[in-house]
Amino acid sequence: MAGVRSLLLLLLVFQSGCLGFRSPLSVFKRFKETTRSFSNECLGNSRPVTPIDSSDFALDIRMPGVTPKQSDTYFCMSMRLPTDEEAFVIDFKPHASMDTVHHMLLFGCNMPSSTGSYWFCDEGTCIDKANILYAWARNAPPTRLPKGVGFRVGGETGSKYFVLQVHYGDISAFRDDHKDCSGVSLHLTRLPQPLIAGMYLMMSVDTVIPPGEKVVNSDISCHYNNYPMHVFAYRVHTHHLGKVVSGYRVRNGQWTLIGRQSPQLPQAFYPVEHPIDVSFGDILAARCVFTGEGRTEATHIGGTSNDEMCNLYIMYYMEAKHAVSFMTCTQNVALDMFRNIPPEANIPIPVKSDMVMMHGHHKETENKDKTSLLQQPKEGEVLEQDFHVEEALDWPGIYLLPGQVSGVALDPKNNLVIFHRGDHVWDANSFDSMFVYQQRGLGPIEEDTILVIDPNNASVLQSSGKNLFYLPHGLSVDKDGNYWVTDVALHQVFKLDANSKEGPVLVLGRSMQPGSDQNHFCQPTDVAVDPDTGTIYVSDGYCNSRIVQFSPSGKFITQWGEETSGSSPKPGQFSIPHSLALVPHLGQLCVADRENGRIQCFRMDTKEFVREIKHAAFGRNVFAISYIPGLLFAVNGKPYFGDQEAVQGFVMNFSSGDIIDIFKPVRKHFDMPHDIAASEDGTVYVGDAHTNTVWKFTSTGKMEHRSVKKAGIEVQEIKESEAVETKMENTPASSELQKMQEKQKLIKEPDSGVPVVLLTTLLVIPVVVLLAIAIFIRWKKSRAFGADSDHKLESSSGRMLGKLRGKGSGGLNLGNFFASRKGYSRKGFDRLSTEGSDQEKEEDDGSESEEEYSAPLPAAAPSSS
């Protein structure tokens, strides 16, 4: 009986175009058109197939000019694959506006439910099994397939038809009876892909939710008995009563999160935090958390909106020769295992009432559940999709690999400016207990520390800052193009003419002298210059907790701020004021109060506290901020041991303080995003001090409105070039960049033809060199220090051994050891242990270590950077 029920539910999932949601419109009603016709108002739809090159083509799948007459209408349409040969879908490009479309789903199958031009989806999507290929909805990030991954279609085994389902939620936008042509463009290639995408569906079939029950868990688990699959995206699905859905891979008792999301948010595919492989013998586990509050009868799994569903869709890829396009799990084979499920699985995700996925196909049900929906947590952490940024995947700048990237900014020409540390690092031996720099003998950084980068192709346009700095930190550029930088080793602030090699124009602070008076700084972190008055603001810093104001000529004016006292920091108290952002039109200066995990804003004229912006999603740190009119950008830091907040970037509505977007890179990952810079066109750059990387993110803005209005206010124009984005081709960069890219490729791809013997030799030689260097340094210093040699050599040897052993983990940190030697460039040299110069947390023992080490304070000090 249970097997029959499972089969019926699986059929329900695949034959219900709206995954269990049914429209109140006439059931099984179908449009009778038997030929595919397009509205004249949907320009471009008459040419759904666009050749790209000899092997690739674009397929434009659009609604043929429809006008829904009732809210919560589901329309479906189909399109046959224009070739009988095998092809691969490698990219999706949505064409929809959240003003008119609630969500879209794209299915693949061999026989659609109708041959008409479009139909109500109540009858289903496909007669045979339907595989979900793509989903789009308001506030959902786009689904990106990794390089070399494609959904196999056509041929002997792939789907012959695509079926598009569009849900029109609120039809108020159609009061003028205009026609809608929303849809999605596919980029297909006939070139075989080495990796084939597929879907793994985890679904509960027997959950019962008692009426009035506050918390009900629905658990699913199955043993994975197939070739390895690599998970890169997930999608959750319940109806009204679902609070949170979480999925995990369980290996040797260790739970690894695949994805966790509120089903009341748009139910599209979200990228996984980190790529996850699932191998033979692993267990896949999922939990849906429901509430029975507000119900007077028991709720069962079923297909209507009065029923419930518990689904987790896992998008993966496999090697082509072993690929399986679809797998399911409807059991719970390991009940006892869920006693150890991470506590996060039962913590609801805050959702604003206006962000809820309205499943209001039956008004009675909608009203019944309205109260419970509005009772969800209302933290300002949910995206609003008026603004969205994504990594520019064709930008080659992530391969520049300078030293530790401490600062990024934009000059008046909108070029990217990078401030980096070359071969110097900030580690535990950099400062003594009085914050005096201890590695002065290394000399200043012998390479250019300021790079001006072309924002389009990442070529180096200009460079400067050689032999000036020891430990670069903050960077800003004023309206005249002057660079303002801080150096935490020198305890100074510098103004530099971007077009001059003559040295600093202005210097504030005393070289190598930490202090807290009007003439000294102690590890200053950032500078901001008022574009109207030229007034200078300095955040000072790691060992002072203040903002210092100077005149344009460098004369001290005033200061404000104090060290945080107690567990609840007050306005004007700081724990490492780390980054500054001016809001000129409002006369405000905002400060990233790093260790307090918040942003404080003050009036520039009176220094009065204006507001605090703080979100749980920040975690305990806010590293850097940047402002453009109306929007505030921020990046946080690594979570403390046991914390769940991810390292990511944030876009906030400045007036409300609400988070409207969260972003992360696709290539590499944030480890310590140290600075952020945004331009008014929505381009965002983030520099990371651990990965020595700079990412570029671009704004997709508000979703393009693809509806065509009769009044002519909006006319849809689909250019062939917009049918789908062609393959990414990096713009040629400078020869210097190409060399860096080749260097990086050799380091990261040792299997690309490099002989094993050569690699082994290269690994053995450094060990021999280490011993030789150690002996040489000991001999050299014994001659240099004379009578003091015993003490200083002991100190030097201790530090050297500390670098070799690591900070208690026993690891060998070749990157930091060589980087500490004068003249050595660590470009392309990845850190080999966890205790580097900017390491923030020790994962082995859960204790806190320093991101950029400052000298130990009498009391426990926060990590620095």
# chains A, B, ... in the order shown; residues from 1 in each chain; ligands from 1

$ select_by_dssp --residues "stretch 494-720 of chain A" --states "strand (DSSP E)" --output "MDAnalysis selection string"
chainID A and resid 494:496 506:508 524:529 536:540 546:550 556:560 562:563 573:574 577:583 588:593 598:603 609:613 622:628 631:636 649:653 659:663 673:678 684:688 693:699

$ closest_atom_pairs --of "stretch 610-682 of chain A" --to "stretch 345-351 of chain A" --cutoff "12 Å" --atoms "only C-alpha atoms" --output "JSON lines"
{"residue": "A:His615", "atom": "CA", "partner": "A:Pro350", "partner_atom": "CA", "distance": 11.5}
{"residue": "A:Ala616", "atom": "CA", "partner": "A:Pro350", "partner_atom": "CA", "distance": 10.3}
{"residue": "A:Ala617", "atom": "CA", "partner": "A:Pro350", "partner_atom": "CA", "distance": 10.6}
{"residue": "A:Gln644", "atom": "CA", "partner": "A:Ile347", "partner_atom": "CA", "distance": 11.3}
{"residue": "A:Ile659", "atom": "CA", "partner": "A:Val351", "partner_atom": "CA", "distance": 11.9}

$ atom_distance --atom1 "atom CA of A:Phe697" --atom2 "atom CA of A:Tyr248"
29.3 Å

$ residues_around --residues "stretch 281-294 of chain A" --least-positions-apart "2" --cutoff "7 Å" --atoms "only C-alpha atoms" --output "JSON, numbers by chain"
{"A": [209, 210, 211, 212, 213, 214, 215, 216, 217, 218, 219, 220, 221, 222, 223, 224, 225, 241, 242, 243, 244, 245, 246, 247, 248, 249, 250, 251, 278, 279, 296, 310, 345, 346]}

$ write_last_selection --atoms "N, CA and C atoms" --output "short mmCIF file (atom, residue, chain, number, x, y, z; two decimals), in the first residue's frame"
data_model
loop_
_atom_site.label_atom_id
_atom_site.label_comp_id
_atom_site.auth_asym_id
_atom_site.auth_seq_id
_atom_site.Cartn_x
_atom_site.Cartn_y
_atom_site.Cartn_z
N ILE A 209 0.50 16.16 9.67
CA ILE A 209 0.70 17.32 10.55
C ILE A 209 -0.55 17.48 11.41
N PRO A 210 -0.46 17.14 12.69
CA PRO A 210 -1.64 17.25 13.56
C PRO A 210 -2.09 18.70 13.70
N PRO A 211 -3.39 18.94 13.85
CA PRO A 211 -3.88 20.32 14.00
C PRO A 211 -3.37 20.94 15.30
N GLY A 212 -2.91 22.19 15.21
CA GLY A 212 -2.46 22.91 16.39
C GLY A 212 -1.06 22.58 16.85
N GLU A 213 -0.42 21.57 16.25
CA GLU A 213 0.93 21.18 16.65
C GLU A 213 1.91 22.27 16.23
N LYS A 214 2.73 22.71 17.19
CA LYS A 214 3.61 23.85 16.92
C LYS A 214 4.74 23.49 15.97
N VAL A 215 5.38 22.34 16.20
CA VAL A 215 6.51 21.93 15.37
C VAL A 215 6.34 20.47 14.97
N VAL A 216 6.41 20.20 13.66
CA VAL A 216 6.34 18.84 13.15
C VAL A 216 7.50 18.65 12.17
N ASN A 217 8.32 17.65 12.42
CA ASN A 217 9.45 17.37 11.55
C ASN A 217 9.11 16.27 10.57
N SER A 218 9.46 16.47 9.31
CA SER A 218 9.31 15.45 8.28
C SER A 218 10.69 15.11 7.76
N ASP A 219 11.15 13.88 8.00
CA ASP A 219 12.52 13.50 7.68
C ASP A 219 12.56 12.50 6.52
N ILE A 220 13.56 12.67 5.66
CA ILE A 220 13.77 11.81 4.50
C ILE A 220 15.24 11.44 4.47
N SER A 221 15.55 10.19 4.17
CA SER A 221 16.96 9.79 4.04
C SER A 221 17.06 8.55 3.16
N CYS A 222 18.11 8.49 2.38
CA CYS A 222 18.38 7.34 1.52
C CYS A 222 19.88 7.13 1.40
N HIS A 223 20.26 5.87 1.26
CA HIS A 223 21.65 5.55 0.96
C HIS A 223 21.90 5.88 -0.51
N TYR A 224 23.06 6.47 -0.77
CA TYR A 224 23.41 6.78 -2.15
C TYR A 224 24.28 5.65 -2.69
N ASN A 225 23.77 4.97 -3.73
CA ASN A 225 24.45 3.81 -4.28
C ASN A 225 24.69 3.98 -5.77
N LEU A 241 2.34 25.59 5.31
CA LEU A 241 2.74 25.29 6.68
C LEU A 241 4.24 25.09 6.84
N GLY A 242 4.98 25.03 5.75
CA GLY A 242 6.42 24.80 5.82
C GLY A 242 7.16 26.02 6.36
N LYS A 243 8.10 25.80 7.26
CA LYS A 243 8.89 26.88 7.86
C LYS A 243 10.32 26.90 7.34
N VAL A 244 10.93 25.72 7.24
CA VAL A 244 12.29 25.66 6.74
C VAL A 244 12.54 24.25 6.22
N VAL A 245 13.33 24.15 5.14
CA VAL A 245 13.72 22.85 4.57
C VAL A 245 15.24 22.84 4.49
N SER A 246 15.84 21.74 4.97
CA SER A 246 17.30 21.62 4.98
C SER A 246 17.70 20.28 4.38
N GLY A 247 18.81 20.29 3.64
CA GLY A 247 19.33 19.05 3.06
C GLY A 247 20.78 18.86 3.42
N TYR A 248 21.20 17.59 3.62
CA TYR A 248 22.55 17.29 4.06
C TYR A 248 23.10 16.04 3.37
N ARG A 249 24.42 16.01 3.27
CA ARG A 249 25.13 14.76 2.98
C ARG A 249 25.71 14.27 4.30
N VAL A 250 25.47 13.00 4.63
CA VAL A 250 25.99 12.42 5.87
C VAL A 250 27.03 11.38 5.49
N ARG A 251 28.26 11.61 5.95
CA ARG A 251 29.37 10.71 5.64
C ARG A 251 30.13 10.41 6.92
N VAL A 278 28.92 13.73 -3.60
CA VAL A 278 28.21 12.63 -2.94
C VAL A 278 28.70 11.34 -3.57
N SER A 279 29.19 10.44 -2.73
CA SER A 279 29.80 9.20 -3.23
C SER A 279 29.05 7.99 -2.73
N THR A 296 -7.51 23.14 11.89
CA THR A 296 -8.45 22.43 12.78
C THR A 296 -8.52 20.95 12.44
N CYS A 310 6.65 18.05 1.02
CA CYS A 310 7.99 18.20 1.58
C CYS A 310 8.96 17.71 0.52
N ALA A 345 18.68 23.06 11.42
CA ALA A 345 17.60 22.50 10.62
C ALA A 345 16.23 22.83 11.20
N ASN A 346 16.18 23.19 12.47
CA ASN A 346 14.90 23.52 13.11
C ASN A 346 14.77 25.00 13.44
#

$ atom_distance --atom1 "atom CA of A:Met229" --atom2 "atom CA of A:Gln165"
27.9 Å
